[in-house]
>>> print(open('upload_30.txt').read())   # compact mmCIF, N, CA and C atoms
# COMPACT_ATOMS: atom_id res chain seq x y z
N MET A 1 18.18 4.43 -16.96
CA MET A 1 18.69 3.53 -17.98
C MET A 1 18.38 2.10 -17.55
N PRO A 2 17.85 1.28 -18.44
CA PRO A 2 17.50 -0.09 -18.08
C PRO A 2 18.72 -0.92 -17.73
N ILE A 3 18.50 -1.87 -16.85
CA ILE A 3 19.55 -2.83 -16.52
C ILE A 3 19.74 -3.71 -17.75
N PRO A 4 21.00 -4.04 -18.13
CA PRO A 4 21.22 -4.80 -19.35
C PRO A 4 20.39 -6.07 -19.45
N SER A 5 20.16 -6.76 -18.35
CA SER A 5 19.38 -8.00 -18.41
C SER A 5 17.92 -7.73 -18.69
N GLN A 6 17.45 -6.49 -18.48
CA GLN A 6 16.05 -6.17 -18.71
C GLN A 6 15.83 -5.50 -20.06
N ARG A 7 16.87 -5.25 -20.80
CA ARG A 7 16.76 -4.61 -22.10
C ARG A 7 16.35 -5.65 -23.14
N ARG A 8 15.31 -5.33 -23.89
CA ARG A 8 14.85 -6.25 -24.92
C ARG A 8 14.76 -5.49 -26.23
N THR A 9 15.12 -6.13 -27.29
CA THR A 9 15.05 -5.46 -28.58
C THR A 9 14.15 -6.24 -29.51
N VAL A 10 13.64 -5.55 -30.50
CA VAL A 10 12.79 -6.15 -31.52
C VAL A 10 13.70 -6.86 -32.51
N SER A 11 13.16 -7.80 -33.28
CA SER A 11 13.99 -8.56 -34.22
C SER A 11 14.75 -7.63 -35.16
N SER A 12 15.83 -8.14 -35.73
CA SER A 12 16.72 -7.32 -36.54
C SER A 12 16.05 -6.77 -37.80
N THR A 13 14.94 -7.35 -38.24
CA THR A 13 14.26 -6.84 -39.43
C THR A 13 13.52 -5.55 -39.13
N LYS A 14 13.19 -5.34 -37.88
CA LYS A 14 12.52 -4.10 -37.49
C LYS A 14 13.54 -3.20 -36.83
N SER A 15 13.17 -1.96 -36.64
CA SER A 15 14.09 -1.04 -35.98
C SER A 15 14.33 -1.49 -34.54
N ARG A 16 15.55 -1.28 -34.08
CA ARG A 16 15.88 -1.69 -32.71
C ARG A 16 15.33 -0.66 -31.74
N ARG A 17 14.50 -1.15 -30.83
CA ARG A 17 13.95 -0.29 -29.79
C ARG A 17 14.02 -1.03 -28.47
N THR A 18 14.14 -0.28 -27.41
CA THR A 18 14.12 -0.87 -26.08
C THR A 18 12.68 -0.89 -25.59
N MET A 19 12.26 -2.04 -25.10
CA MET A 19 10.91 -2.15 -24.55
C MET A 19 10.87 -1.35 -23.25
N PRO A 20 9.77 -0.74 -22.95
CA PRO A 20 9.69 0.02 -21.70
C PRO A 20 9.81 -0.91 -20.49
N LYS A 21 10.57 -0.48 -19.53
CA LYS A 21 10.78 -1.25 -18.31
C LYS A 21 9.60 -1.02 -17.37
N SER A 22 9.14 -2.09 -16.74
CA SER A 22 8.06 -1.90 -15.78
C SER A 22 8.63 -1.21 -14.55
N THR A 23 8.00 -0.14 -14.15
CA THR A 23 8.48 0.63 -13.03
C THR A 23 7.63 0.31 -11.81
N ILE A 24 8.29 -0.02 -10.74
CA ILE A 24 7.59 -0.27 -9.49
C ILE A 24 7.75 0.96 -8.62
N ASP A 25 6.62 1.48 -8.15
CA ASP A 25 6.64 2.63 -7.26
C ASP A 25 5.75 2.29 -6.06
N PHE A 26 5.50 3.27 -5.20
CA PHE A 26 4.72 2.97 -4.01
C PHE A 26 3.28 2.60 -4.35
N ASP A 27 2.76 3.04 -5.50
CA ASP A 27 1.41 2.63 -5.91
C ASP A 27 1.34 1.12 -6.08
N THR A 28 2.37 0.54 -6.68
CA THR A 28 2.43 -0.91 -6.84
C THR A 28 2.53 -1.58 -5.48
N VAL A 29 3.38 -1.05 -4.62
CA VAL A 29 3.54 -1.59 -3.26
C VAL A 29 2.19 -1.53 -2.54
N ARG A 30 1.51 -0.41 -2.64
CA ARG A 30 0.21 -0.22 -1.99
C ARG A 30 -0.79 -1.26 -2.49
N ASN A 31 -0.88 -1.43 -3.80
CA ASN A 31 -1.85 -2.38 -4.36
C ASN A 31 -1.59 -3.81 -3.90
N ILE A 32 -0.33 -4.20 -3.86
CA ILE A 32 0.01 -5.55 -3.40
C ILE A 32 -0.26 -5.67 -1.91
N GLY A 33 0.17 -4.68 -1.14
CA GLY A 33 0.02 -4.73 0.31
C GLY A 33 -1.41 -4.73 0.79
N LEU A 34 -2.27 -3.93 0.16
CA LEU A 34 -3.65 -3.83 0.60
C LEU A 34 -4.43 -5.12 0.34
N ALA A 35 -3.89 -6.02 -0.46
CA ALA A 35 -4.54 -7.32 -0.68
C ALA A 35 -4.31 -8.27 0.50
N LEU A 36 -3.36 -7.94 1.37
CA LEU A 36 -3.07 -8.78 2.54
C LEU A 36 -4.06 -8.44 3.67
N PRO A 37 -4.42 -9.44 4.49
CA PRO A 37 -5.42 -9.20 5.54
C PRO A 37 -4.95 -8.19 6.59
N GLY A 38 -5.83 -7.24 6.91
CA GLY A 38 -5.56 -6.28 7.97
C GLY A 38 -4.65 -5.13 7.60
N VAL A 39 -4.18 -5.07 6.36
CA VAL A 39 -3.25 -4.01 5.96
C VAL A 39 -4.03 -2.74 5.64
N GLU A 40 -3.51 -1.63 6.14
CA GLU A 40 -4.14 -0.34 5.89
C GLU A 40 -3.08 0.66 5.43
N GLU A 41 -3.55 1.62 4.66
CA GLU A 41 -2.65 2.66 4.18
C GLU A 41 -2.50 3.71 5.28
N SER A 42 -1.27 4.20 5.45
CA SER A 42 -0.99 5.16 6.51
C SER A 42 0.22 5.99 6.12
N THR A 43 0.83 6.62 7.10
CA THR A 43 2.08 7.35 6.88
C THR A 43 3.06 7.00 7.99
N ALA A 44 4.32 7.18 7.69
CA ALA A 44 5.38 7.02 8.68
C ALA A 44 6.43 8.08 8.35
N TYR A 45 6.74 8.90 9.32
CA TYR A 45 7.73 9.96 9.13
C TYR A 45 7.36 10.88 7.96
N GLY A 46 6.06 11.09 7.76
CA GLY A 46 5.57 11.99 6.73
C GLY A 46 5.53 11.41 5.33
N SER A 47 5.80 10.13 5.17
CA SER A 47 5.79 9.48 3.86
C SER A 47 4.80 8.33 3.85
N PRO A 48 4.37 7.90 2.66
CA PRO A 48 3.41 6.81 2.57
C PRO A 48 3.93 5.53 3.23
N ALA A 49 3.01 4.81 3.86
CA ALA A 49 3.39 3.57 4.54
C ALA A 49 2.21 2.61 4.53
N LEU A 50 2.50 1.35 4.81
CA LEU A 50 1.49 0.32 5.00
C LEU A 50 1.65 -0.21 6.42
N LYS A 51 0.53 -0.37 7.11
CA LYS A 51 0.56 -0.88 8.48
C LYS A 51 -0.44 -2.01 8.63
N VAL A 52 -0.16 -2.89 9.60
CA VAL A 52 -1.07 -3.97 9.95
C VAL A 52 -1.47 -3.74 11.40
N HIS A 53 -2.75 -3.44 11.63
CA HIS A 53 -3.25 -3.18 12.98
C HIS A 53 -2.38 -2.13 13.69
N GLY A 54 -1.98 -1.10 12.96
CA GLY A 54 -1.19 -0.01 13.53
C GLY A 54 0.31 -0.25 13.57
N LYS A 55 0.76 -1.44 13.21
CA LYS A 55 2.20 -1.76 13.22
C LYS A 55 2.75 -1.60 11.81
N LEU A 56 3.91 -0.96 11.71
CA LEU A 56 4.52 -0.69 10.42
C LEU A 56 4.86 -1.99 9.68
N LEU A 57 4.49 -2.06 8.42
CA LEU A 57 4.80 -3.19 7.54
C LEU A 57 5.86 -2.77 6.53
N ALA A 58 5.63 -1.67 5.85
CA ALA A 58 6.58 -1.15 4.84
C ALA A 58 6.34 0.33 4.66
N CYS A 59 7.41 1.04 4.31
CA CYS A 59 7.28 2.48 4.06
C CYS A 59 8.40 2.93 3.14
N ILE A 60 8.22 4.11 2.59
CA ILE A 60 9.28 4.72 1.81
C ILE A 60 10.43 5.00 2.77
N ALA A 61 11.63 4.58 2.40
CA ALA A 61 12.80 4.82 3.26
C ALA A 61 13.15 6.30 3.19
N VAL A 62 12.96 7.01 4.28
CA VAL A 62 13.13 8.46 4.28
C VAL A 62 14.46 8.93 4.85
N ASN A 63 15.16 8.07 5.55
CA ASN A 63 16.45 8.50 6.09
C ASN A 63 17.40 8.80 4.95
N ARG A 64 18.20 9.83 5.10
CA ARG A 64 19.09 10.25 4.00
C ARG A 64 20.15 9.22 3.65
N SER A 65 20.36 8.24 4.53
CA SER A 65 21.34 7.19 4.23
C SER A 65 20.81 6.21 3.18
N ALA A 66 19.50 6.15 3.01
CA ALA A 66 18.90 5.24 2.03
C ALA A 66 18.97 5.83 0.64
N GLU A 67 19.13 4.96 -0.35
CA GLU A 67 19.15 5.42 -1.74
C GLU A 67 17.76 5.89 -2.13
N PRO A 68 17.66 6.90 -3.01
CA PRO A 68 16.35 7.32 -3.50
C PRO A 68 15.65 6.15 -4.19
N GLY A 69 14.33 6.08 -4.03
CA GLY A 69 13.57 5.00 -4.65
C GLY A 69 13.66 3.69 -3.89
N SER A 70 13.94 3.78 -2.59
CA SER A 70 14.03 2.57 -1.76
C SER A 70 12.82 2.44 -0.86
N LEU A 71 12.52 1.20 -0.54
CA LEU A 71 11.42 0.85 0.34
C LEU A 71 12.00 0.16 1.56
N ALA A 72 11.53 0.52 2.75
CA ALA A 72 11.93 -0.18 3.97
C ALA A 72 10.82 -1.18 4.29
N VAL A 73 11.20 -2.45 4.43
CA VAL A 73 10.23 -3.52 4.67
C VAL A 73 10.64 -4.24 5.95
N ARG A 74 9.70 -4.44 6.85
CA ARG A 74 9.96 -5.11 8.12
C ARG A 74 10.15 -6.61 7.92
N VAL A 75 11.29 -7.11 8.32
CA VAL A 75 11.59 -8.54 8.28
C VAL A 75 12.46 -8.89 9.48
N ASP A 76 12.54 -10.16 9.79
CA ASP A 76 13.39 -10.66 10.85
C ASP A 76 14.86 -10.44 10.47
N PHE A 77 15.73 -10.27 11.46
CA PHE A 77 17.15 -10.04 11.19
C PHE A 77 17.76 -11.18 10.37
N ASP A 78 17.38 -12.43 10.67
CA ASP A 78 17.92 -13.57 9.93
C ASP A 78 17.46 -13.55 8.47
N ASP A 79 16.18 -13.23 8.27
CA ASP A 79 15.66 -13.13 6.90
C ASP A 79 16.36 -12.01 6.14
N ARG A 80 16.60 -10.91 6.83
CA ARG A 80 17.30 -9.78 6.18
C ARG A 80 18.68 -10.22 5.71
N ALA A 81 19.41 -10.91 6.56
CA ALA A 81 20.76 -11.37 6.18
C ALA A 81 20.70 -12.29 4.97
N GLU A 82 19.72 -13.18 4.94
CA GLU A 82 19.57 -14.10 3.81
C GLU A 82 19.22 -13.35 2.53
N LEU A 83 18.32 -12.38 2.61
CA LEU A 83 17.92 -11.61 1.43
C LEU A 83 19.11 -10.85 0.86
N ILE A 84 19.87 -10.19 1.72
CA ILE A 84 21.01 -9.41 1.26
C ILE A 84 22.07 -10.32 0.65
N ALA A 85 22.31 -11.47 1.28
CA ALA A 85 23.31 -12.41 0.75
C ALA A 85 22.87 -12.98 -0.60
N ALA A 86 21.57 -13.23 -0.75
CA ALA A 86 21.07 -13.83 -1.98
C ALA A 86 21.04 -12.85 -3.15
N ASP A 87 20.73 -11.58 -2.89
CA ASP A 87 20.61 -10.61 -3.98
C ASP A 87 20.96 -9.20 -3.51
N PRO A 88 22.25 -8.90 -3.36
CA PRO A 88 22.65 -7.57 -2.87
C PRO A 88 22.36 -6.43 -3.83
N ASP A 89 22.04 -6.74 -5.08
CA ASP A 89 21.65 -5.67 -6.02
C ASP A 89 20.25 -5.15 -5.72
N VAL A 90 19.43 -5.98 -5.08
CA VAL A 90 18.06 -5.59 -4.76
C VAL A 90 17.93 -5.16 -3.30
N TYR A 91 18.53 -5.93 -2.39
CA TYR A 91 18.38 -5.70 -0.95
C TYR A 91 19.66 -5.13 -0.36
N TYR A 92 19.50 -4.22 0.61
CA TYR A 92 20.67 -3.68 1.29
C TYR A 92 20.23 -3.09 2.63
N VAL A 93 21.18 -2.67 3.42
CA VAL A 93 20.90 -2.01 4.69
C VAL A 93 21.99 -0.95 4.90
N THR A 94 21.64 0.15 5.52
CA THR A 94 22.63 1.18 5.84
C THR A 94 22.83 1.20 7.36
N ASP A 95 23.83 1.93 7.80
CA ASP A 95 24.12 2.00 9.23
C ASP A 95 22.90 2.42 10.03
N HIS A 96 22.12 3.34 9.50
CA HIS A 96 20.94 3.82 10.21
C HIS A 96 19.94 2.69 10.49
N TYR A 97 19.78 1.78 9.54
CA TYR A 97 18.75 0.74 9.63
C TYR A 97 19.25 -0.57 10.25
N VAL A 98 20.53 -0.65 10.60
CA VAL A 98 21.10 -1.89 11.12
C VAL A 98 20.36 -2.38 12.36
N GLY A 99 19.99 -1.50 13.25
CA GLY A 99 19.34 -1.90 14.49
C GLY A 99 17.85 -2.16 14.37
N TYR A 100 17.29 -1.94 13.20
CA TYR A 100 15.85 -2.13 12.99
C TYR A 100 15.59 -3.44 12.25
N ASN A 101 14.46 -4.06 12.56
CA ASN A 101 14.03 -5.26 11.84
C ASN A 101 13.48 -4.83 10.48
N ALA A 102 14.36 -4.45 9.59
CA ALA A 102 13.94 -3.98 8.27
C ALA A 102 15.05 -4.20 7.26
N VAL A 103 14.63 -4.38 6.02
CA VAL A 103 15.56 -4.45 4.90
C VAL A 103 15.17 -3.36 3.92
N LEU A 104 16.15 -2.77 3.27
CA LEU A 104 15.89 -1.76 2.25
C LEU A 104 15.86 -2.44 0.89
N VAL A 105 14.90 -2.04 0.07
CA VAL A 105 14.68 -2.66 -1.23
C VAL A 105 14.77 -1.60 -2.31
N ARG A 106 15.60 -1.85 -3.31
CA ARG A 106 15.68 -0.94 -4.46
C ARG A 106 14.50 -1.27 -5.38
N LEU A 107 13.50 -0.39 -5.39
CA LEU A 107 12.28 -0.66 -6.16
C LEU A 107 12.56 -0.78 -7.65
N SER A 108 13.61 -0.13 -8.12
CA SER A 108 13.94 -0.19 -9.55
C SER A 108 14.45 -1.57 -9.97
N ARG A 109 14.80 -2.41 -8.98
CA ARG A 109 15.40 -3.70 -9.31
C ARG A 109 14.60 -4.90 -8.83
N VAL A 110 13.41 -4.66 -8.33
CA VAL A 110 12.60 -5.77 -7.83
C VAL A 110 11.42 -6.00 -8.77
N THR A 111 10.98 -7.25 -8.87
CA THR A 111 9.83 -7.58 -9.71
C THR A 111 8.57 -7.61 -8.86
N PRO A 112 7.40 -7.46 -9.48
CA PRO A 112 6.16 -7.51 -8.71
C PRO A 112 5.98 -8.84 -7.95
N ASP A 113 6.36 -9.95 -8.55
CA ASP A 113 6.22 -11.24 -7.87
C ASP A 113 7.11 -11.33 -6.64
N VAL A 114 8.34 -10.87 -6.76
CA VAL A 114 9.27 -10.88 -5.63
C VAL A 114 8.76 -9.93 -4.54
N LEU A 115 8.26 -8.78 -4.94
CA LEU A 115 7.72 -7.82 -3.99
C LEU A 115 6.51 -8.41 -3.26
N ARG A 116 5.67 -9.13 -3.96
CA ARG A 116 4.50 -9.78 -3.34
C ARG A 116 4.95 -10.78 -2.28
N ASP A 117 5.97 -11.58 -2.61
CA ASP A 117 6.50 -12.54 -1.63
C ASP A 117 7.12 -11.84 -0.43
N LEU A 118 7.85 -10.77 -0.69
CA LEU A 118 8.51 -10.02 0.38
C LEU A 118 7.49 -9.39 1.32
N LEU A 119 6.44 -8.79 0.77
CA LEU A 119 5.41 -8.20 1.61
C LEU A 119 4.65 -9.28 2.40
N GLY A 120 4.49 -10.45 1.80
CA GLY A 120 3.89 -11.57 2.52
C GLY A 120 4.76 -11.99 3.69
N MET A 121 6.08 -12.03 3.49
CA MET A 121 7.02 -12.35 4.56
C MET A 121 6.94 -11.30 5.66
N ALA A 122 6.87 -10.03 5.27
CA ALA A 122 6.78 -8.95 6.24
C ALA A 122 5.47 -9.04 7.02
N HIS A 123 4.39 -9.37 6.34
CA HIS A 123 3.08 -9.50 7.00
C HIS A 123 3.13 -10.59 8.06
N LYS A 124 3.72 -11.72 7.74
CA LYS A 124 3.85 -12.81 8.72
C LYS A 124 4.71 -12.37 9.90
N PHE A 125 5.79 -11.65 9.61
CA PHE A 125 6.68 -11.18 10.67
C PHE A 125 5.96 -10.22 11.61
N VAL A 126 5.27 -9.24 11.06
CA VAL A 126 4.61 -8.22 11.88
C VAL A 126 3.45 -8.83 12.67
N THR A 127 2.65 -9.67 12.04
CA THR A 127 1.50 -10.24 12.76
C THR A 127 1.95 -11.29 13.78
N ARG A 128 3.02 -12.00 13.49
CA ARG A 128 3.55 -12.98 14.44
C ARG A 128 4.03 -12.26 15.69
N ASN A 129 4.74 -11.16 15.52
CA ASN A 129 5.25 -10.41 16.67
C ASN A 129 4.12 -9.76 17.45
N ALA A 130 3.10 -9.30 16.78
CA ALA A 130 1.97 -8.67 17.47
C ALA A 130 1.23 -9.70 18.31
N ALA A 131 1.10 -10.91 17.80
CA ALA A 131 0.38 -11.96 18.54
C ALA A 131 1.21 -12.48 19.70
N ALA A 132 2.52 -12.52 19.56
CA ALA A 132 3.38 -13.08 20.59
C ALA A 132 3.59 -12.13 21.76
N ARG A 133 3.41 -10.86 21.54
CA ARG A 133 3.66 -9.86 22.58
C ARG A 133 2.50 -9.85 23.57
N PRO A 134 2.80 -9.98 24.86
CA PRO A 134 1.72 -9.95 25.86
C PRO A 134 1.11 -8.55 25.93
N PRO A 135 -0.17 -8.45 26.29
CA PRO A 135 -0.78 -7.12 26.35
C PRO A 135 -0.13 -6.28 27.44
N ALA A 136 -0.04 -5.01 27.16
CA ALA A 136 0.57 -4.09 28.13
C ALA A 136 -0.36 -3.96 29.33
N ARG A 137 0.22 -3.97 30.51
CA ARG A 137 -0.58 -3.82 31.72
C ARG A 137 -0.75 -2.35 32.02
N LYS A 138 -1.93 -2.04 32.45
CA LYS A 138 -2.17 -0.65 32.84
C LYS A 138 -1.64 -0.48 34.26
N ARG A 139 -0.74 0.43 34.41
CA ARG A 139 -0.16 0.70 35.72
C ARG A 139 -0.61 2.07 36.19
N ARG A 140 -0.99 2.12 37.40
CA ARG A 140 -1.42 3.39 37.97
C ARG A 140 -0.18 4.11 38.50
N LYS A 141 -0.01 5.32 38.06
CA LYS A 141 1.11 6.11 38.55
C LYS A 141 0.73 6.74 39.87
N LEU A 142 1.68 6.72 40.76
CA LEU A 142 1.44 7.35 42.06
C LEU A 142 1.77 8.83 41.96
N GLY A 143 0.85 9.63 42.41
CA GLY A 143 1.07 11.07 42.40
C GLY A 143 1.81 11.49 43.65
N PRO A 144 2.13 12.78 43.77
CA PRO A 144 2.84 13.26 44.95
C PRO A 144 1.97 13.08 46.19
N GLY A 145 2.58 12.64 47.26
CA GLY A 145 1.87 12.46 48.51
C GLY A 145 1.11 11.15 48.63
N LYS A 146 1.07 10.34 47.58
CA LYS A 146 0.37 9.07 47.64
C LYS A 146 1.36 7.96 47.92
N ARG A 147 0.95 7.08 48.79
CA ARG A 147 1.81 5.97 49.14
C ARG A 147 1.12 4.64 48.91
N ILE A 148 1.94 3.65 48.75
CA ILE A 148 1.40 2.30 48.64
C ILE A 148 1.21 1.79 50.06
N LYS A 149 -0.01 1.30 50.36
CA LYS A 149 -0.29 0.77 51.70
C LYS A 149 0.35 -0.59 51.84
N VAL A 150 1.03 -0.77 52.96
CA VAL A 150 1.72 -2.03 53.20
C VAL A 150 1.04 -2.78 54.31
>>> encode(input="upload_30.txt", output="structure tokens")
Amino acid sequence: MPIPSQRRTVSSTKSRRTMPKSTIDFDTVRNIGLALPGVEESTAYGSPALKVHGKLLACIAVNRSAEPGSLAVRVDFDDRAELIAADPDVYYVTDHYVGYNAVLVRLSRVTPDVLRDLLGMAHKFVTRNAAARPPARKRRKLGPGKRIKV
């Protein structure tokens, strides 16, 4: 059922009909996300996902605590708090996702323009963190009977 603010009717001289609501699904998310540099289509936990250089950007929220039709998008904890405070009808978080740098998005209540901005924010977050992280050092594991010479 359409949200009352999204319901539109034809003038009173014509029959009253509700205009079809634009539905955002993962295909829309994919199309917007793939326009960003370095984004590739992938999977996470067996569901469609978008990644940047192997790092998760957004995916279908698969944990049972998430509402059906939700998207998990990687954002900074501060940005998540601001998004939820600004529009709790669109953004939310469940106990499962509290410890993750992610916000849950109700796809039925977000517009393509807002989704584009959100994915752009996520892209900056993921690429900023990837660039700031020092490269992992290769460490040689010592096997049995091997000692470090002193």
>>> closest_residue(input="upload_30.txt", among="A:His123, A:Phe26, A:Arg106, A:Asn129", to="Val52 in chain A", atoms="only C-alpha atoms")
A:His123
>>> atom_distance(input="upload_30.txt", atom1="CA of Asn63 in chain A", atom2="CA of Gly120 in chain A")
23.9 Å
>>> closest_atom_pairs(input="upload_30.txt", of="range 92-122 of chain A", to="range 33-45 of chain A", cutoff="12 Å", atoms="only C-alpha atoms", output="tab-separated table")
residue	atom	partner	partner_atom	distance
A:Pro112	CA	A:Gly33	CA	11.3
A:Leu115	CA	A:Gly33	CA	9.3
A:Arg116	CA	A:Gly33	CA	7.7
A:Asp117	CA	A:Gly33	CA	10.3
A:Leu118	CA	A:Gly33	CA	10.0
A:Leu119	CA	A:Gly33	CA	6.5
A:Gly120	CA	A:Leu36	CA	7.5
A:Met121	CA	A:Leu36	CA	10.9
A:Ala122	CA	A:Gly33	CA	9.9
>>> atom_distance(input="upload_30.txt", atom1="CA of Ser65 in chain A", atom2="CA of Thr127 in chain A")
27.8 Å
>>> select_by_dssp(input="upload_30.txt", residues="range 82-134 of chain A", states="helix (DSSP H, G or I)", output="ChimeraX atom specification")
/A:82-86,95-97,107-109,112-132
>>> decode(input="upload_30.txt", residues="range 97-125 of chain A", atoms="C-alpha atoms", output="PDB file, in the first residue's frame")
ATOM      1  CA  TYR A  97      23.937  -4.475  13.296  1.00  0.00           C
ATOM      2  CA  VAL A  98      24.797  -2.128  16.195  1.00  0.00           C
ATOM      3  CA  GLY A  99      28.460  -3.151  16.241  1.00  0.00           C
ATOM      4  CA  TYR A 100      28.896  -2.845  12.481  1.00  0.00           C
ATOM      5  CA  ASN A 101      29.630   0.304  10.479  1.00  0.00           C
ATOM      6  CA  ALA A 102      26.325  -0.016   8.647  1.00  0.00           C
ATOM      7  CA  VAL A 103      22.856   1.458   8.498  1.00  0.00           C
ATOM      8  CA  LEU A 104      19.744  -0.412   7.397  1.00  0.00           C
ATOM      9  CA  VAL A 105      17.629   1.256   4.722  1.00  0.00           C
ATOM     10  CA  ARG A 106      13.979   0.523   3.984  1.00  0.00           C
ATOM     11  CA  LEU A 107      14.064   0.391   0.180  1.00  0.00           C
ATOM     12  CA  SER A 108      10.315   0.972   0.008  1.00  0.00           C
ATOM     13  CA  ARG A 109      10.778   4.413   1.566  1.00  0.00           C
ATOM     14  CA  VAL A 110      13.900   5.772  -0.087  1.00  0.00           C
ATOM     15  CA  THR A 111      14.100   7.757  -3.328  1.00  0.00           C
ATOM     16  CA  PRO A 112      16.652   7.108  -6.083  1.00  0.00           C
ATOM     17  CA  ASP A 113      18.331  10.481  -5.456  1.00  0.00           C
ATOM     18  CA  VAL A 114      18.693   9.823  -1.729  1.00  0.00           C
ATOM     19  CA  LEU A 115      19.969   6.310  -2.459  1.00  0.00           C
ATOM     20  CA  ARG A 116      22.547   7.750  -4.883  1.00  0.00           C
ATOM     21  CA  ASP A 117      23.794  10.139  -2.185  1.00  0.00           C
ATOM     22  CA  LEU A 118      23.866   7.369   0.414  1.00  0.00           C
ATOM     23  CA  LEU A 119      25.865   5.022  -1.813  1.00  0.00           C
ATOM     24  CA  GLY A 120      28.254   7.895  -2.550  1.00  0.00           C
ATOM     25  CA  MET A 121      28.705   8.390   1.205  1.00  0.00           C
ATOM     26  CA  ALA A 122      29.316   4.662   1.626  1.00  0.00           C
ATOM     27  CA  HIS A 123      31.831   4.668  -1.235  1.00  0.00           C
ATOM     28  CA  LYS A 124      33.817   7.477   0.418  1.00  0.00           C
ATOM     29  CA  PHE A 125      33.687   5.646   3.754  1.00  0.00           C
TER      30      PHE A 125
END
